[in-house]
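*Asks:* This is the content of input-v1.txt (compact mmCIF, C-alpha atoms (C1' of nucleotides)):
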```txt
# COMPACT_ATOMS: atom_id res chain seq x y z
CA MET A 1 0.20 -6.61 6.98
CA LYS A 2 1.40 -5.26 10.26
CA TYR A 3 0.76 -1.65 11.05
CA PRO A 4 3.74 0.40 9.97
CA THR A 5 5.62 1.98 12.89
CA ARG A 6 8.69 3.20 11.04
CA VAL A 7 7.94 6.87 11.64
CA SER A 8 7.34 6.24 15.34
CA ASP A 9 10.51 4.20 15.62
CA ALA A 10 12.54 6.74 13.67
CA VAL A 11 11.39 9.50 16.00
CA HIS A 12 12.23 7.24 18.90
CA ILE A 13 15.75 6.83 17.58
CA MET A 14 16.25 10.55 16.99
CA VAL A 15 15.01 11.54 20.43
CA PHE A 16 16.98 8.79 22.12
CA ILE A 17 20.19 9.91 20.48
CA HIS A 18 19.59 13.54 21.37
CA LEU A 19 18.59 12.98 25.00
CA ASP A 20 21.92 11.75 26.30
CA PRO A 21 24.85 11.61 23.90
CA THR A 22 27.07 10.24 26.69
CA GLN A 23 25.28 6.94 27.02
CA ASP A 24 25.61 3.86 24.85
CA LEU A 25 24.16 4.79 21.46
CA SER A 26 24.90 1.55 19.64
CA SER A 27 22.15 0.16 17.46
CA THR A 28 21.90 -2.64 20.00
CA ALA A 29 21.25 -0.24 22.88
CA ILE A 30 18.68 1.71 20.88
CA ALA A 31 17.05 -1.51 19.78
CA TYR A 32 16.72 -2.52 23.41
CA SER A 33 14.79 0.66 24.14
CA ILE A 34 12.42 0.15 21.21
CA LYS A 35 12.40 -3.58 21.91
CA THR A 36 13.32 -4.48 18.39
CA ASN A 37 16.47 -5.73 16.70
CA PRO A 38 19.64 -3.77 15.92
CA SER A 39 19.35 -4.42 12.20
CA TYR A 40 15.99 -2.70 11.98
CA VAL A 41 17.39 0.26 13.89
CA ARG A 42 20.29 0.50 11.49
CA GLN A 43 17.94 0.35 8.52
CA LEU A 44 15.96 3.28 9.86
CA MET A 45 19.14 5.14 10.72
CA ALA A 46 20.40 4.57 7.20
CA ALA A 47 17.24 6.18 5.82
CA LEU A 48 17.64 9.13 8.19
CA LYS A 49 21.27 9.57 7.23
CA LYS A 50 20.44 9.42 3.56
CA GLU A 51 18.11 12.38 4.05
CA GLY A 52 20.77 14.28 5.99
CA LEU A 53 18.98 14.14 9.32
CA LEU A 54 21.51 12.01 11.14
CA ASN A 55 25.29 11.71 11.33
CA GLY A 56 27.20 8.55 11.98
CA THR A 57 30.21 6.63 10.93
CA ARG A 58 30.77 2.99 10.34
CA GLY A 59 32.41 1.19 13.17
CA GLN A 60 31.72 3.64 15.95
CA ALA A 61 28.58 3.83 17.98
CA ALA A 62 28.30 7.59 18.10
CA PRO A 63 25.43 8.84 15.96
CA SER A 64 24.28 12.43 16.30
CA LEU A 65 21.57 14.63 14.90
CA ALA A 66 22.67 16.41 11.75
CA ARG A 67 20.61 19.48 12.66
CA VAL A 68 19.26 21.01 15.83
CA PRO A 69 15.92 19.49 16.88
CA SER A 70 14.06 22.68 16.05
CA ALA A 71 15.16 22.29 12.42
CA ILE A 72 13.92 18.74 12.03
CA THR A 73 10.23 18.26 11.37
CA LEU A 74 8.04 15.21 11.55
CA LEU A 75 7.58 15.54 7.81
CA ASP A 76 11.32 15.26 7.29
CA ILE A 77 11.31 12.01 9.20
CA TYR A 78 8.18 10.76 7.45
CA ARG A 79 9.75 11.40 4.06
CA ALA A 80 13.00 9.79 5.12
CA VAL A 81 11.46 6.51 6.21
CA GLU A 82 8.22 6.34 4.22
CA GLY A 83 9.23 8.13 1.06
CA ASP A 84 6.14 9.11 -0.88
CA LYS A 85 3.98 6.34 0.52
CA PRO A 86 0.55 7.84 1.20
CA LEU A 87 -1.60 7.54 4.30
CA LEU A 88 -4.67 6.47 2.34
CA HIS A 89 -4.57 3.89 -0.42
CA LEU A 90 -6.58 3.74 -3.60
CA ASP A 91 -7.83 0.41 -4.81
CA THR A 92 -5.79 0.07 -7.97
CA HIS A 93 -7.14 -3.38 -8.71
CA THR A 94 -10.64 -2.44 -9.81
CA ASN A 95 -12.01 -4.03 -12.93
CA PRO A 96 -10.50 -2.24 -15.94
CA GLU A 97 -13.41 -3.45 -18.05
CA CYS A 98 -15.62 -1.36 -15.84
CA GLY A 99 -14.82 2.23 -16.72
CA VAL A 100 -16.98 3.37 -13.87
CA GLY A 101 -14.67 1.87 -11.31
CA VAL A 102 -11.51 3.25 -12.86
CA ASN A 103 -12.89 6.76 -12.92
CA ILE A 104 -14.14 6.58 -9.35
CA GLN A 105 -10.66 5.74 -8.15
CA LEU A 106 -9.24 8.45 -10.37
CA ALA A 107 -11.60 10.99 -8.85
CA LEU A 108 -10.78 9.78 -5.37
CA SER A 109 -7.08 10.24 -5.96
CA ASP A 110 -7.59 13.98 -6.25
CA TYR A 111 -9.17 14.12 -2.83
CA TYR A 112 -6.69 11.75 -1.21
CA ALA A 113 -3.96 14.08 -2.41
CA GLU A 114 -5.65 16.95 -0.59
CA ILE A 115 -5.97 14.95 2.61
CA GLN A 116 -2.34 13.94 2.34
CA LYS A 117 -1.33 17.54 1.85
CA SER A 118 -3.33 18.60 4.88
CA ALA A 119 -1.69 15.95 7.05
CA GLU A 120 1.78 16.76 5.73
CA LYS A 121 1.28 20.44 6.36
CA ARG A 122 0.64 19.66 10.00
CA MET A 123 3.62 17.30 10.09
CA ALA A 124 5.83 20.07 8.78
CA GLU A 125 4.82 22.25 11.71
CA ILE A 126 5.86 19.70 14.31
CA THR A 127 9.54 19.67 15.14
CA LEU A 128 11.67 17.22 17.04
CA GLU A 129 12.09 19.99 19.58
CA ASN A 130 8.33 20.04 20.17
CA ILE A 131 8.30 16.31 20.71
CA ILE A 132 11.26 16.42 23.09
CA GLU A 133 9.54 19.18 25.06
CA THR A 134 6.39 17.16 25.36
CA TYR A 135 8.47 14.15 26.27
CA HIS A 136 9.98 16.05 29.18
CA GLN A 137 6.52 17.04 30.35
CA TYR A 138 5.46 13.42 30.44
CA VAL A 139 8.62 12.45 32.29
CA GLN A 140 7.89 15.13 34.88
CA LYS A 141 4.34 13.95 35.28
CA VAL A 142 5.58 10.45 36.07
CA THR A 143 8.27 11.54 38.53
CA ALA A 144 5.83 13.94 40.24
CA THR A 145 3.63 11.07 41.33
CA HIS A 146 6.54 9.26 42.96
CA MET B 1 -1.63 -5.43 -2.77
CA LYS B 2 -2.45 -5.73 0.86
CA TYR B 3 -2.65 -2.07 1.72
CA PRO B 4 -6.02 -1.30 3.24
CA THR B 5 -8.46 -0.16 0.57
CA ARG B 6 -11.69 -0.32 2.55
CA VAL B 7 -12.33 3.40 2.35
CA SER B 8 -11.68 3.43 -1.39
CA ASP B 9 -13.89 0.41 -1.92
CA ALA B 10 -16.64 1.82 0.27
CA VAL B 11 -16.66 5.03 -1.75
CA HIS B 12 -16.72 2.92 -4.87
CA ILE B 13 -19.80 1.13 -3.61
CA MET B 14 -21.60 4.32 -2.64
CA VAL B 15 -20.91 6.04 -5.95
CA PHE B 16 -21.80 2.94 -7.92
CA ILE B 17 -25.16 2.66 -6.19
CA HIS B 18 -25.95 6.31 -6.70
CA LEU B 19 -24.93 6.53 -10.34
CA ASP B 20 -27.62 4.30 -11.78
CA PRO B 21 -30.24 2.86 -9.40
CA THR B 22 -31.91 1.08 -12.33
CA GLN B 23 -29.07 -1.30 -13.00
CA ASP B 24 -28.19 -4.49 -11.16
CA LEU B 25 -27.07 -3.46 -7.69
CA SER B 26 -26.52 -6.91 -6.23
CA SER B 27 -23.38 -7.39 -4.21
CA THR B 28 -22.22 -9.63 -7.04
CA ALA B 29 -22.59 -6.89 -9.65
CA ILE B 30 -20.81 -4.35 -7.45
CA ALA B 31 -18.09 -6.85 -6.69
CA TYR B 32 -17.54 -7.29 -10.40
CA SER B 33 -16.90 -3.56 -10.79
CA ILE B 34 -14.41 -3.49 -7.94
CA LYS B 35 -13.06 -6.86 -9.01
CA THR B 36 -13.51 -8.41 -5.65
CA ASN B 37 -15.94 -10.86 -4.10
CA PRO B 38 -19.58 -10.29 -3.12
CA SER B 39 -18.95 -11.14 0.51
CA TYR B 40 -16.40 -8.36 0.94
CA VAL B 41 -18.83 -5.94 -0.66
CA ARG B 42 -21.54 -7.00 1.74
CA GLN B 43 -19.17 -6.58 4.68
CA LEU B 44 -18.45 -3.01 3.67
CA MET B 45 -22.11 -2.37 3.01
CA ALA B 46 -22.96 -3.71 6.45
CA ALA B 47 -20.56 -1.18 7.99
CA LEU B 48 -22.07 1.62 5.94
CA LYS B 49 -25.59 0.61 6.93
CA LYS B 50 -24.63 0.43 10.57
CA GLU B 51 -23.57 4.05 10.40
CA GLY B 52 -26.79 5.04 8.66
CA LEU B 53 -25.18 5.88 5.34
CA LEU B 54 -26.82 3.17 3.31
CA ASN B 55 -30.23 1.51 3.07
CA GLY B 56 -30.87 -2.05 2.11
CA THR B 57 -32.92 -5.06 3.02
CA ARG B 58 -32.09 -8.69 3.22
CA GLY B 59 -33.10 -10.69 0.20
CA GLN B 60 -33.44 -7.88 -2.28
CA ALA B 61 -30.69 -6.34 -4.32
CA ALA B 62 -31.81 -2.75 -4.04
CA PRO B 63 -29.51 -0.73 -1.82
CA SER B 64 -29.76 3.06 -1.79
CA LEU B 65 -27.98 5.96 -0.16
CA ALA B 66 -29.55 6.89 3.15
CA ARG B 67 -28.79 10.58 2.56
CA VAL B 68 -28.19 12.78 -0.42
CA PRO B 69 -24.55 12.70 -1.61
CA SER B 70 -23.97 16.25 -0.42
CA ALA B 71 -24.73 15.12 3.12
CA ILE B 72 -22.27 12.25 3.14
CA THR B 73 -18.64 13.09 3.77
CA LEU B 74 -15.49 11.11 3.29
CA LEU B 75 -15.07 11.22 7.05
CA ASP B 76 -18.44 9.52 7.50
CA ILE B 77 -17.29 6.71 5.26
CA TYR B 78 -13.86 6.53 6.90
CA ARG B 79 -15.47 6.22 10.33
CA ALA B 80 -17.92 3.63 9.08
CA VAL B 81 -15.32 1.26 7.68
CA GLU B 82 -12.20 2.10 9.67
CA GLY B 83 -13.73 3.09 12.97
CA ASP B 84 -11.17 4.96 15.05
CA LYS B 85 -8.18 3.34 13.37
CA PRO B 86 -5.59 6.09 12.89
CA LEU B 87 -3.58 6.94 9.81
CA LEU B 88 -0.29 6.89 11.70
CA HIS B 89 0.57 4.19 14.17
CA LEU B 90 2.51 4.45 17.40
CA ASP B 91 4.90 1.69 18.27
CA THR B 92 3.10 0.25 21.26
CA HIS B 93 5.64 -2.52 21.64
CA THR B 94 8.54 -0.49 23.03
CA ASN B 95 10.40 -1.78 26.04
CA PRO B 96 8.34 -1.00 29.16
CA GLU B 97 11.50 -1.29 31.24
CA CYS B 98 12.83 1.69 29.33
CA GLY B 99 10.79 4.63 30.57
CA VAL B 100 12.38 6.78 27.91
CA GLY B 101 10.75 4.81 25.13
CA VAL B 102 7.33 4.79 26.72
CA ASN B 103 7.35 8.54 27.19
CA ILE B 104 8.56 9.21 23.67
CA GLN B 105 5.62 7.29 22.26
CA LEU B 106 3.31 9.06 24.71
CA ALA B 107 4.58 12.43 23.52
CA LEU B 108 4.24 11.35 19.91
CA SER B 109 0.63 10.38 20.44
CA ASP B 110 -0.27 13.99 21.12
CA TYR B 111 1.11 15.06 17.77
CA TYR B 112 -0.33 12.11 15.88
CA ALA B 113 -3.70 13.16 17.25
CA GLU B 114 -3.20 16.61 15.76
CA ILE B 115 -2.22 15.21 12.39
CA GLN B 116 -5.21 12.91 12.47
CA LYS B 117 -7.46 15.82 13.30
CA SER B 118 -6.06 17.81 10.43
CA ALA B 119 -6.65 14.97 7.98
CA GLU B 120 -10.12 14.31 9.30
CA LYS B 121 -11.03 17.96 9.07
CA ARG B 122 -10.23 17.80 5.38
CA MET B 123 -12.13 14.54 5.01
CA ALA B 124 -15.17 16.15 6.58
CA GLU B 125 -15.12 18.82 3.88
CA ILE B 126 -15.20 16.33 1.04
CA THR B 127 -18.64 15.04 0.19
CA LEU B 128 -19.77 12.18 -1.95
CA GLU B 129 -21.25 14.84 -4.21
CA ASN B 130 -17.79 16.32 -4.77
CA ILE B 131 -16.41 12.93 -5.66
CA ILE B 132 -19.27 12.21 -8.05
CA GLU B 133 -18.75 15.59 -9.72
CA THR B 134 -15.08 14.90 -10.21
CA TYR B 135 -15.94 11.44 -11.43
CA HIS B 136 -18.13 12.93 -14.14
CA GLN B 137 -15.31 15.23 -15.16
CA TYR B 138 -13.01 12.29 -15.62
CA VAL B 139 -15.65 10.44 -17.61
CA GLN B 140 -16.03 13.45 -19.90
CA LYS B 141 -12.30 13.68 -20.39
CA VAL B 142 -12.20 10.09 -21.54
CA THR B 143 -15.16 10.36 -23.90
CA ALA B 144 -13.82 13.65 -25.32
CA THR B 145 -10.74 11.93 -26.63
CA HIS B 146 -12.77 9.30 -28.49
C1' DA C 1 -45.95 -24.03 -1.14
C1' DA C 2 -41.86 -24.62 -3.64
C1' DC C 3 -38.12 -22.48 -6.01
C1' DT C 4 -34.70 -18.98 -6.84
C1' DA C 5 -31.94 -15.22 -5.79
C1' DT C 6 -30.18 -12.41 -2.46
C1' DT C 7 -28.56 -10.57 1.92
C1' DG C 8 -26.34 -11.04 6.57
C1' DC C 9 -22.91 -13.23 9.32
C1' DA C 10 -19.33 -16.06 10.78
C1' DA C 11 -15.34 -18.89 10.07
C1' DT C 12 -11.40 -20.00 7.49
C1' DT C 13 -7.78 -19.35 4.16
C1' DT C 14 -4.62 -16.70 1.39
C1' DA C 15 -1.78 -12.75 0.11
C1' DT C 16 1.37 -9.37 1.23
C1' DA C 17 3.81 -5.61 3.49
C1' DA C 18 6.27 -4.76 7.81
C1' DA C 19 9.24 -6.11 11.09
C1' DA C 20 12.36 -9.61 12.83
C1' DA C 21 16.21 -12.21 12.21
C1' DC C 22 20.33 -13.53 10.01
C1' DA C 23 24.81 -13.03 7.55
C1' DC C 24 28.89 -10.85 6.58
C1' DA C 25 32.10 -7.45 4.60
C1' DT C 26 33.98 -3.14 6.28
C1' DG C 27 35.67 0.22 9.50
C1' DA C 28 37.10 1.80 14.26
C1' DT C 29 39.46 1.17 18.67
C1' DA C 30 42.38 -0.60 22.09
C1' DT D 1 45.35 -8.83 16.42
C1' DA D 2 41.07 -9.12 18.60
C1' DT D 3 36.81 -7.08 19.41
C1' DC D 4 32.97 -4.47 18.56
C1' DA D 5 30.36 -1.62 15.65
C1' DT D 6 28.22 -0.18 11.36
C1' DG D 7 26.31 -0.70 6.57
C1' DT D 8 23.85 -3.39 3.63
C1' DG D 9 21.94 -7.32 1.75
C1' DT D 10 18.93 -11.44 2.17
C1' DT D 11 15.73 -14.50 4.34
C1' DT D 12 12.16 -15.58 7.61
C1' DT D 13 8.35 -14.58 10.50
C1' DT D 14 4.27 -12.23 11.71
C1' DA D 15 0.14 -9.43 11.53
C1' DT D 16 -3.46 -7.47 9.00
C1' DA D 17 -6.43 -7.06 4.88
C1' DA D 18 -8.78 -9.22 1.54
C1' DA D 19 -10.49 -13.51 -0.54
C1' DT D 20 -13.13 -17.43 0.01
C1' DT D 21 -16.50 -20.53 1.76
C1' DG D 22 -20.77 -21.86 3.96
C1' DC D 23 -25.29 -21.37 5.30
C1' DA D 24 -29.41 -19.52 7.71
C1' DA D 25 -32.78 -15.93 6.86
C1' DT D 26 -35.52 -13.07 3.78
C1' DA D 27 -37.84 -11.42 -0.45
C1' DG D 28 -39.84 -12.17 -4.82
C1' DT D 29 -41.80 -15.38 -8.29
C1' DT D 30 -44.32 -19.09 -10.31
```
For the file at hand, write its structure as structure tokens.
*Replies:*
Amino acid sequence: MKYPTRVSDAVHIMVFIHLDPTQDLSSTAIAYSIKTNPSYVRQLMAALKKEGLLNGTRGQAAPSLARVPSAITLLDIYRAVEGDKPLLHLDTHTNPECGVGVNIQLALSDYYAEIQKSAEKRMAEITLENIIETYHQYVQKVTATH
Amino acid sequence: MKYPTRVSDAVHIMVFIHLDPTQDLSSTAIAYSIKTNPSYVRQLMAALKKEGLLNGTRGQAAPSLARVPSAITLLDIYRAVEGDKPLLHLDTHTNPECGVGVNIQLALSDYYAEIQKSAEKRMAEITLENIIETYHQYVQKVTATH
DNA sequence: AACTATTGCAATTTATAAAAACACATGATA
DNA sequence: TATCATGTGTTTTTATAAATTGCAATAGTT
């Protein structure tokens, strides 16, 4: 399995759209920036639209954020593109004849849920605005050295 | 299933070894409980030994925890088998010609680091002892209904 | 010493989820 | 009408994890 980068790519899309609404915002143009294909971009955008994070209409390349960046968290985006897929995975294929194994995984699930909650709590505190701010800082750093 | 389950399986191994040191603790026996193969079990055990979490000698099937369960955290095990692999992955394949994309991922990395830290902090609070306790609770629940 | 069972590694193969690629009906715009 | 875009499937490719195989090295046993 490849490492999943949907959240990263979804953030990429959101920031890209917000940065300069005057430029070409077609899925093809966005795909060029991510270096992926337009279809994948549209799939992610569809997920973001479904969760009410993004606006867009068929036929015209003019997507826009459905809320201000300060009202969109990383958790919103995570949920939109990953659903309830967890960060850590239980081994659900242990030997059912071995009750020991089943109960170990059952016990583990309690703790994985806590870790997930901890990560999601932090995600909920990070907004698109924060990321855009940090983005601008990095851009400045680069231009400063030129 | 091809989601990574190394952490889950490593915990499984550690708990299994601790539960009953008198039983057969060969990699084959442990593999049977996880329903996997002995080689995979030995690979995980090698990682755990390398990090000083597990004892064992070549030739004899008698592994043992290197520390008491209360002194082994989920983070220790995560580090042993996953190294510094993060829970969330940046898209490192964005178009380098598009400075926008590079900087977005750079900005994101700061926040991913925070999320990782938050998750790891929680992992560091969970010990093998906790998991074993919870395991026993689940075992009791099952036997109570019989 | 010979035999058996096991670990420790390395190499290879297989399975599977993610991303890439493709196809096309539908809607917008000029 | 012609062109370009989206929305939404489906199919194909690719990357990683796990499974499998093989065997030298080590320990215990007879």
*Asks:* Hey, what's within 10 Å of stretch 70-73 of chain A if we count all atoms listed in the file and toss same-chain stuff fewer than 6 positions away? As an MDAnalysis selection string, please?
*Replies:* chainID A and resid 11 14 53 122:132
*Asks:* Give chain A as a compact mmCIF listing (two decimals) with C-alpha atoms, in the coordinates of the input once it has been least-squares superposed onto chain B over every C-alpha atom, paired in order.
*Replies:*
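File superposed_32.txt, as written:
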```txt
# COMPACT_ATOMS: atom_id res chain seq x y z
CA MET A 1 -0.17 -6.62 5.62
CA LYS A 2 -1.88 -5.48 2.49
CA TYR A 3 -2.63 -1.83 2.10
CA PRO A 4 -6.12 -1.14 3.35
CA THR A 5 -8.53 -0.07 0.59
CA ARG A 6 -11.78 -0.27 2.52
CA VAL A 7 -12.45 3.46 2.33
CA SER A 8 -11.77 3.48 -1.41
CA ASP A 9 -13.97 0.46 -1.95
CA ALA A 10 -16.74 1.86 0.24
CA VAL A 11 -16.75 5.07 -1.77
CA HIS A 12 -16.78 2.97 -4.91
CA ILE A 13 -19.86 1.16 -3.68
CA MET A 14 -21.68 4.35 -2.70
CA VAL A 15 -20.99 6.08 -6.00
CA PHE A 16 -21.85 2.99 -8.00
CA ILE A 17 -25.20 2.67 -6.29
CA HIS A 18 -26.00 6.34 -6.78
CA LEU A 19 -24.97 6.56 -10.44
CA ASP A 20 -27.65 4.33 -11.90
CA PRO A 21 -30.26 2.88 -9.57
CA THR A 22 -31.89 1.08 -12.51
CA GLN A 23 -29.03 -1.27 -13.17
CA ASP A 24 -28.14 -4.47 -11.34
CA LEU A 25 -27.04 -3.42 -7.86
CA SER A 26 -26.49 -6.88 -6.40
CA SER A 27 -23.36 -7.37 -4.35
CA THR A 28 -22.17 -9.61 -7.17
CA ALA A 29 -22.53 -6.85 -9.77
CA ILE A 30 -20.80 -4.31 -7.54
CA ALA A 31 -18.07 -6.80 -6.77
CA TYR A 32 -17.49 -7.24 -10.48
CA SER A 33 -16.89 -3.51 -10.85
CA ILE A 34 -14.41 -3.41 -7.96
CA LYS A 35 -13.04 -6.78 -9.05
CA THR A 36 -13.47 -8.31 -5.66
CA ASN A 37 -15.89 -10.80 -4.15
CA PRO A 38 -19.54 -10.24 -3.20
CA SER A 39 -18.93 -11.12 0.43
CA TYR A 40 -16.43 -8.31 0.87
CA VAL A 41 -18.87 -5.90 -0.73
CA ARG A 42 -21.59 -6.99 1.65
CA GLN A 43 -19.27 -6.57 4.61
CA LEU A 44 -18.54 -2.99 3.62
CA MET A 45 -22.20 -2.36 2.92
CA ALA A 46 -23.07 -3.71 6.34
CA ALA A 47 -20.68 -1.20 7.93
CA LEU A 48 -22.20 1.62 5.88
CA LYS A 49 -25.71 0.59 6.83
CA LYS A 50 -24.79 0.38 10.48
CA GLU A 51 -23.72 4.02 10.33
CA GLY A 52 -26.95 5.00 8.57
CA LEU A 53 -25.32 5.87 5.27
CA LEU A 54 -26.94 3.16 3.20
CA ASN A 55 -30.35 1.51 2.94
CA GLY A 56 -30.98 -2.05 1.93
CA THR A 57 -33.05 -5.04 2.73
CA ARG A 58 -32.21 -8.67 2.93
CA GLY A 59 -33.16 -10.64 -0.10
CA GLN A 60 -33.49 -7.84 -2.59
CA ALA A 61 -30.70 -6.30 -4.55
CA ALA A 62 -31.82 -2.71 -4.27
CA PRO A 63 -29.56 -0.72 -1.97
CA SER A 64 -29.82 3.06 -1.92
CA LEU A 65 -28.07 5.95 -0.26
CA ALA A 66 -29.65 6.86 3.05
CA ARG A 67 -28.89 10.55 2.50
CA VAL A 68 -28.29 12.79 -0.48
CA PRO A 69 -24.65 12.72 -1.64
CA SER A 70 -24.07 16.27 -0.45
CA ALA A 71 -24.85 15.13 3.10
CA ILE A 72 -22.38 12.27 3.13
CA THR A 73 -18.76 13.11 3.78
CA LEU A 74 -15.61 11.12 3.30
CA LEU A 75 -15.20 11.21 7.06
CA ASP A 76 -18.56 9.52 7.50
CA ILE A 77 -17.41 6.72 5.26
CA TYR A 78 -13.99 6.53 6.90
CA ARG A 79 -15.59 6.20 10.32
CA ALA A 80 -18.05 3.62 9.06
CA VAL A 81 -15.44 1.27 7.64
CA GLU A 82 -12.31 2.10 9.64
CA GLY A 83 -13.82 3.06 12.96
CA ASP A 84 -11.25 4.90 15.03
CA LYS A 85 -8.27 3.28 13.37
CA PRO A 86 -5.65 6.00 12.90
CA LEU A 87 -3.63 6.84 9.81
CA LEU A 88 -0.32 6.78 11.68
CA HIS A 89 0.61 4.07 14.15
CA LEU A 90 2.62 4.34 17.32
CA ASP A 91 5.04 1.60 18.19
CA THR A 92 3.36 0.21 21.27
CA HIS A 93 5.90 -2.56 21.66
CA THR A 94 8.84 -0.51 22.89
CA ASN A 95 10.78 -1.80 25.84
CA PRO A 96 8.80 -1.01 29.01
CA GLU A 97 12.01 -1.27 31.01
CA CYS A 98 13.24 1.70 29.06
CA GLY A 99 11.20 4.63 30.31
CA VAL A 100 12.71 6.77 27.62
CA GLY A 101 11.04 4.80 24.89
CA VAL A 102 7.64 4.75 26.54
CA ASN A 103 7.64 8.50 26.99
CA ILE A 104 8.76 9.16 23.43
CA GLN A 105 5.80 7.23 22.11
CA LEU A 106 3.55 8.98 24.59
CA ALA A 107 4.77 12.35 23.37
CA LEU A 108 4.35 11.29 19.78
CA SER A 109 0.76 10.29 20.37
CA ASP A 110 -0.13 13.90 21.06
CA TYR A 111 1.19 14.97 17.69
CA TYR A 112 -0.29 12.03 15.80
CA ALA A 113 -3.65 13.06 17.21
CA GLU A 114 -3.18 16.52 15.72
CA ILE A 115 -2.24 15.12 12.33
CA GLN A 116 -5.24 12.82 12.45
CA LYS A 117 -7.48 15.72 13.31
CA SER A 118 -6.10 17.75 10.43
CA ALA A 119 -6.71 14.92 7.97
CA GLU A 120 -10.20 14.26 9.33
CA LYS A 121 -11.10 17.91 9.10
CA ARG A 122 -10.32 17.80 5.40
CA MET A 123 -12.23 14.53 5.03
CA ALA A 124 -15.26 16.14 6.60
CA GLU A 125 -15.21 18.83 3.93
CA ILE A 126 -15.31 16.36 1.06
CA THR A 127 -18.74 15.06 0.19
CA LEU A 128 -19.87 12.21 -1.99
CA GLU A 129 -21.35 14.87 -4.23
CA ASN A 130 -17.89 16.37 -4.76
CA ILE A 131 -16.51 12.99 -5.69
CA ILE A 132 -19.37 12.24 -8.08
CA GLU A 133 -18.84 15.63 -9.73
CA THR A 134 -15.17 14.95 -10.20
CA TYR A 135 -16.03 11.50 -11.45
CA HIS A 136 -18.21 13.00 -14.16
CA GLN A 137 -15.39 15.31 -15.18
CA TYR A 138 -13.08 12.37 -15.64
CA VAL A 139 -15.71 10.50 -17.62
CA GLN A 140 -16.09 13.51 -19.90
CA LYS A 141 -12.37 13.77 -20.38
CA VAL A 142 -12.25 10.16 -21.56
CA THR A 143 -15.22 10.43 -23.92
CA ALA A 144 -13.89 13.72 -25.33
CA THR A 145 -10.82 11.99 -26.70
CA HIS A 146 -12.90 9.42 -28.54
```
*Asks:* With chain D as the partner and 7 Å as the cut-off, tabulate the residues of chain A that qualify, each row holding the nearest pair of atoms and their distance in Å to one decimal, using only C-alpha atoms (C1' of nucleotides), sorted by chain and rising number, as CSV.
*Replies:*
```
residue,atom,partner,partner_atom,distance
A:Met1,CA,D:DT16,C1',4.3
A:Lys2,CA,D:DA15,C1',4.5
A:Arg58,CA,D:DT6,C1',4.2
A:Gly59,CA,D:DA5,C1',4.3
A:Gln60,CA,D:DA5,C1',5.4
A:Ala61,CA,D:DA5,C1',6.2
```
*Asks:* Find the residues of chain B in contact range of chain C, meaning any atom within 12 Å when counting only C-alpha atoms (C1' of nucleotides), and list them as a ChimeraX atom specification.
*Replies:* /B:1-4,24-29,38-47,49,56-63,91,93
*Asks:* Just want the 8 Å neighbourhood of stretch 97-102 of chain B, counted on only C-alpha atoms (C1' of nucleotides), with same-chain residues fewer than 3 positions away dropped. Output as a ChimeraX atom specification.
*Replies:* /A:12,16,33-34 /B:94,105-106
*Asks:* Given the point (21.2, 18.7, 12.0) in the coordinates of this file, which residues lie within 9 Å, counting all atoms listed in the file, and how would they look as an NGL selection string?
*Replies:* :A and (52-55 or 64-69 or 71-72)
*Asks:* Using the selection just defined, write its residues with C-alpha atoms as a compact mmCIF listing (two decimals), in the frame of the given file.
*Replies:*
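Final output, saved to out-v8.txt:
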```txt
# COMPACT_ATOMS: atom_id res chain seq x y z
CA GLY A 52 20.77 14.28 5.99
CA LEU A 53 18.98 14.14 9.32
CA LEU A 54 21.51 12.01 11.14
CA ASN A 55 25.29 11.71 11.33
CA SER A 64 24.28 12.43 16.30
CA LEU A 65 21.57 14.63 14.90
CA ALA A 66 22.67 16.41 11.75
CA ARG A 67 20.61 19.48 12.66
CA VAL A 68 19.26 21.01 15.83
CA PRO A 69 15.92 19.49 16.88
CA ALA A 71 15.16 22.29 12.42
CA ILE A 72 13.92 18.74 12.03
```
*Asks:* I'd like to know which of B:Ser109, B:Asn103, B:Gln140, B:Thr92 is closest to chain A, using all atoms listed in the file.
*Replies:*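 Closest candidate: B:Asn103.
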*Asks:* Would you compute the distance between atom CA of A:Lys117 and atom CA of B:Lys141? Give it in Å to one decimal.
*Replies:* 25.1 Å
*Asks:* If you count all atoms listed in the file, which residues fall within 8 Å of stretch 78-85 of chain A, apart from same-chain ones fewer than 2 positions away, as a list of chain:residue names?
*Replies:*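 Returned residues: A:Arg6, A:Val7, A:Ala10, A:Leu44, A:Ala47, A:Leu48, A:Lys50, A:Glu51, A:Leu74, A:Leu75, A:Asp76, A:Leu87.
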*Asks:* Would you mind reading off the distance between atom CA of A:Val15 and atom CA of B:Ala113, one decimal, in Å?
*Replies:*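 Distance between the two atoms: 19.0 Å.
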*Asks:* Could you tell me how far atom CA of A:Tyr135 sits from atom CA of B:Ile104, in Å to one decimal place?
*Replies:*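 Atom-to-atom, atom CA of B:Ile104 to atom CA of A:Tyr135, that is 5.6 Å.
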*Asks:* Using all atoms listed in the file, which of the listed residues (A:Pro21, A:Ala144, A:Tyr112, A:His89) sits closest to chain B?
*Replies:* A:His89
